[in-house]
Amino acid sequence: MDNFPALQVAKVAEASFPTQFGRFRIYGFEGRDGDRLEEAVVLAMGRLHELPPPLVRIHSQCLTGDVFHSLRCDCRAQLEIALKSIAQEGRGLLIYERQEGRGIGLLNKLRAYELQDHGADTVEANVRLGFEPDLRSYELPAAVLRYFELKSIRLLSNNPEKVKAVEAAGIEVAERVPCLAAVLDTREAYLRTKKEKMGHLLE
């Protein structure tokens with residue numbers, strides 16, 4: 001996560017994108033490193049180079065939360081908080097990258113759910129499946145920020161690893177803006193594990 005010299009990033013599409021939160025521009029990006037291909041979608045709004053630095057959310061795909069409104073996690077809630085916050089300011093960037101289940105993939109995430117139903121927490125479940133607790137890389141989001149020529153941002157995140165990744169890419173995090181979902185019974189244990197075992201800043 002310290003240096004990102006190998007990834008070759010290209011914008012492959014751009015279009016107008018009206019949403020219930022406001023009108024964005026939507027971008028498609030590809031990142032290539034040898035045979036490895038990554039994809040990301042970016043929603044951009046307003047003038048990104050004015051002060052204060054723009055709000056930015058780096059959001060990892062969560063089909064179960066983002067599409068099916070799962071209450072096991074806080075992913076959709078954070079996505080909506082970010083989009084509403086950007087729309088309220090009239091400027092900002094949301095980077096949506098395909099790293100389902102903190103990088104283990106959709107079906108493995110469902111296997112992790114099954115283990116969680118039998119008492120494992122989200123970290124233990126990933127480890128029992130043979131993975132690290134978090135396999136995500138922030139190479140592509142860092143490259144996207146450089147594509148937009150952003151030198152300083154306000155990062156919507158509770159995850160200190162995202163702050164470190166952005167700063168390691170040479171981009172200042174002028175402010176970490178909390179992105180806090182409501183604590184529901186269905187995700188209370190999940191949030192506690194993120195705080196206690198993964199260091200997420202959940203006030």
# chains A, B, ... in the order shown; residues from 1 in each chain; ligands from 1
$ select_by_dssp --residues "region 138-201 of chain A" --states "strand (DSSP E)" --output "PyMOL selection string"
chain A and resi 152-156+172-177
$ residues_around --residues "Arg192 (chain A)" --least-positions-apart "3" --cutoff "12 Å" --atoms "only C-alpha atoms" --output "list in words"
Cys73, Asp74, Asp121, Thr122, Val123, Val183, Leu184, Asp185, Thr186, Arg187, Glu188, Ala189, Lys195, Glu196, Lys197, Met198, Gly199, His200, Leu201, Leu202 and Glu203 of chain A
$ residues_around --residues "Val127 (chain A)" --least-positions-apart "3" --cutoff "12 Å" --atoms "only C-alpha atoms" --output "JSON, numbers by chain"
{"A": [104, 108, 109, 111, 112, 115, 116, 120, 121, 122, 123, 124, 130, 131, 132, 133, 134, 135]}
$ closest_residue --among "A:Ala181, A:Ile26, A:Ala169, A:Ala125" --to "Leu145 (chain A)" --atoms "only C-alpha atoms"
A:Ala169
$ residues_around --residues "Ile153 (chain A)" --least-positions-apart "4" --cutoff "7 Å" --atoms "only C-alpha atoms" --output "list in words"
Pro53, Pro54, Leu55, Val56, Glu172, Val173 and Ala174 of chain A
$ closest_residue --among "A:Leu129, A:Leu191, A:Ala142, A:Cys62" --to "Glu100 (chain A)" --atoms "only C-alpha atoms"
A:Cys62
$ select_by_dssp --residues "region 90-197 of chain A" --states "helix (DSSP H, G or I)" --output "count of residues only"
54
$ closest_residue --among "A:Ala13, A:Gly90, A:Leu110, A:Ala40" --to "Ala143 (chain A)" --atoms "only C-alpha atoms"
A:Ala40
$ closest_residue --among "A:Val166, A:Leu48, A:Val67, A:Leu106" --to "Phe148 (chain A)" --atoms "only C-alpha atoms"
A:Leu48
$ atom_distance --atom1 "CA of Ser152 (chain A)" --atom2 "CA of Ala168 (chain A)"
12.5 Å
